[in-house]
Amino acid sequence: MSEAAARKTSVGPQGSRRRYFHALWLLTGRDLRVKYATTWLGYAWTILDPLMMCGVYMFLFVVILGRTGGVEPYGVFLITGLLPWQWFTTAVNESGRAFLKDKKLLRSTGASNSMWVMRVVVSSGFTYVLSLPVVAAFLLIMQVPIGAGIVWWPVAFITQGILLTGIGLLMAPLCILINDLSKIVGIIVRFLFFASPILFDHSRLPDWLSWMDRVNPLYGIMTMYRLGYWPELWNGGSIVAAISVSIAILALGIMMFPILVRPVLKDL
C-alpha cells in the first residue's frame, strides 16, 4: 500500500479541517439530490414513509389489539420513535456499502477514508431533520404541549450521530472483509426494532429485562427525544448509559478503523 493510501486511513481530517468538512458537505448534498431526484415524489417520500408506518402500527395496536405503548397520544409517541429509528436503520445499512458505493472515487481522491462513512451518517441525519415537520403536524393536530424537556432533543441527536459514526467506522470495512456480515447485521437490526422503546414505553419492560435500557443505547436516545412531550419518561440511568455506550463505540471505531481499512484498500 502506498504512503498516500496509508495516510488516508486516518479518521481525522486530511490536511485542512475546512477542506474535509467542505468535501463532506458536497458529498452529502450530492447524496440528497440524487435521492430526491430519482423518485417521482422526491421529498414527499421522507414524510409519507414514516406516516404510512405510523398508520400501520396504530391500526395494529390501537384498532386490532386495543393497546398502546403506555403513553398517550400514541400517534405522537410512535412518530417520535419511528423517525430516529429510520435514521438509525438507513445509516447502519448504508455504512456496510459505504466503500463499495463509490469505490472509484475512493481510489482516485485524496480524501480521508472516514469521509465515506461520515457522508452516510450526515446525509441520513439530514433526511431525519427534513422529516421533522411530520412531528410538528402531529403535535398540532393532537394538541400536545412542548415542555422544557425539549432541550434534550439536541443531546439525543448528537448522541445518535456519535453512535452511528462509531458503528459506521466498524461496519464499512468489516462488511467487505466478512461477506455475510451485512446479512447478520440486517437480522440484528430487525431484532433491535422490537427490543427498543419505539412501539412501547421503556417502563413497561418486565423486571427480568430491566437491564436492557443499560446496554441498548437506543433506550436513552429515544427517551431524550421524547422528554419535551412526556417529562415523566425521565430515566437518568438509561440516558447516561446511552451517552457512555455511544462514546465507547465511537472510540472503538476510531481505534479499529485504520487497522481494518488497510486490507480493504487492497481489495477495492
# chains A, B, ... in the order shown; residues from 1 in each chain; ligands from 1
$ residues_around --residues "Gly228 of chain A" --least-positions-apart "4" --cutoff "12 Å" --atoms "only C-alpha atoms" --output "ChimeraX atom specification"
/A:76-77,80,139,144-154,156,222-224,232-234
$ residues_around --residues "Leu174 of chain A" --least-positions-apart "2" --cutoff "12 Å" --atoms "only C-alpha atoms" --output "NGL selection string"
:A and (95-99 or 167-172 or 176-182 or 184-185 or 253 or 256-264)
$ write_last_selection --atoms "C-alpha atoms" --output "PDB file, in the first residue's frame"
ATOM      1  CA  SER A  95     -22.496   2.046   6.162  1.00  0.00           C
ATOM      2  CA  GLY A  96     -21.895  -1.540   5.085  1.00  0.00           C
ATOM      3  CA  ARG A  97     -21.859  -0.343   1.457  1.00  0.00           C
ATOM      4  CA  ALA A  98     -20.022   2.929   2.075  1.00  0.00           C
ATOM      5  CA  PHE A  99     -16.808   1.873   0.320  1.00  0.00           C
ATOM      6  CA  ILE A 167     -20.952   1.792  14.094  1.00  0.00           C
ATOM      7  CA  GLY A 168     -20.207   3.037  10.576  1.00  0.00           C
ATOM      8  CA  LEU A 169     -16.445   3.108  11.108  1.00  0.00           C
ATOM      9  CA  LEU A 170     -16.630  -0.549  12.122  1.00  0.00           C
ATOM     10  CA  MET A 171     -19.229  -1.656   9.587  1.00  0.00           C
ATOM     11  CA  ALA A 172     -17.741  -0.133   6.425  1.00  0.00           C
ATOM     12  CA  ILE A 176     -16.121  -6.089   2.915  1.00  0.00           C
ATOM     13  CA  LEU A 177     -13.809  -8.343   4.913  1.00  0.00           C
ATOM     14  CA  ILE A 178     -16.684 -10.590   6.103  1.00  0.00           C
ATOM     15  CA  ASN A 179     -19.111 -11.300   3.250  1.00  0.00           C
ATOM     16  CA  ASP A 180     -22.048 -12.458   5.396  1.00  0.00           C
ATOM     17  CA  LEU A 181     -21.820  -9.655   7.939  1.00  0.00           C
ATOM     18  CA  SER A 182     -24.332  -7.379   6.201  1.00  0.00           C
ATOM     19  CA  ILE A 184     -26.225 -10.806  10.021  1.00  0.00           C
ATOM     20  CA  VAL A 185     -26.484  -7.089  10.790  1.00  0.00           C
ATOM     21  CA  GLY A 253     -14.475   2.649  15.753  1.00  0.00           C
ATOM     22  CA  MET A 256     -10.084  -0.027  14.793  1.00  0.00           C
ATOM     23  CA  PHE A 257     -10.862   1.816  11.547  1.00  0.00           C
ATOM     24  CA  PRO A 258      -7.236   2.414  10.421  1.00  0.00           C
ATOM     25  CA  ILE A 259      -6.397  -1.240  11.145  1.00  0.00           C
ATOM     26  CA  LEU A 260      -9.445  -2.695   9.378  1.00  0.00           C
ATOM     27  CA  VAL A 261      -9.339  -0.433   6.341  1.00  0.00           C
ATOM     28  CA  ARG A 262      -5.785  -1.345   5.247  1.00  0.00           C
ATOM     29  CA  PRO A 263      -6.643  -4.822   3.885  1.00  0.00           C
ATOM     30  CA  VAL A 264      -9.855  -3.394   2.389  1.00  0.00           C
TER      31      VAL A 264
END
$ select_by_dssp --residues "segment 11-257 of chain A" --states "alpha helix (DSSP H)" --output "PyMOL selection string"
chain A and resi 17-37+44-58+74-95+98-101+103-108+114-130+132-141+152-177+181-194+212-215+217-226+236-257
$ atom_distance --atom1 "atom CA of Pro50 of chain A" --atom2 "atom CA of Ala136 of chain A"
13.4 Å
$ closest_residue --among "A:Val189, A:Leu24, A:Val56, A:Arg18" --to "Thr90 of chain A" --atoms "only C-alpha atoms"
A:Val189
$ closest_residue --among "A:Met255, A:Leu218, A:Val71, A:Ala91" --to "Pro231 of chain A" --atoms "only C-alpha atoms"
A:Val71
$ atom_distance --atom1 "atom CA of Leu48 of chain A" --atom2 "atom CA of Ile141 of chain A"
16.8 Å
$ residues_around --residues "Leu78 of chain A" --least-positions-apart "3" --cutoff "8 Å" --atoms "only C-alpha atoms" --output "number ranges by chain"
A: 54, 74-75, 81-82, 198-199
$ write_last_selection --atoms "C-alpha atoms" --output "mmCIF file, in the first residue's frame"
data_model
loop_
_atom_site.group_PDB
_atom_site.id
_atom_site.type_symbol
_atom_site.label_atom_id
_atom_site.label_comp_id
_atom_site.auth_asym_id
_atom_site.auth_seq_id
_atom_site.Cartn_x
_atom_site.Cartn_y
_atom_site.Cartn_z
ATOM 1 C CA CYS A 54 -47.206 5.001 11.867
ATOM 2 C CA TYR A 74 -49.932 7.100 20.911
ATOM 3 C CA GLY A 75 -49.594 8.604 17.417
ATOM 4 C CA GLY A 81 -39.666 6.863 17.728
ATOM 5 C CA LEU A 82 -40.079 5.842 14.089
ATOM 6 C CA ILE A 198 -40.117 2.551 19.652
ATOM 7 C CA LEU A 199 -43.540 0.955 19.983
#
$ atom_distance --atom1 "atom CA of Leu27 of chain A" --atom2 "atom CA of Ser123 of chain A"
8.5 Å
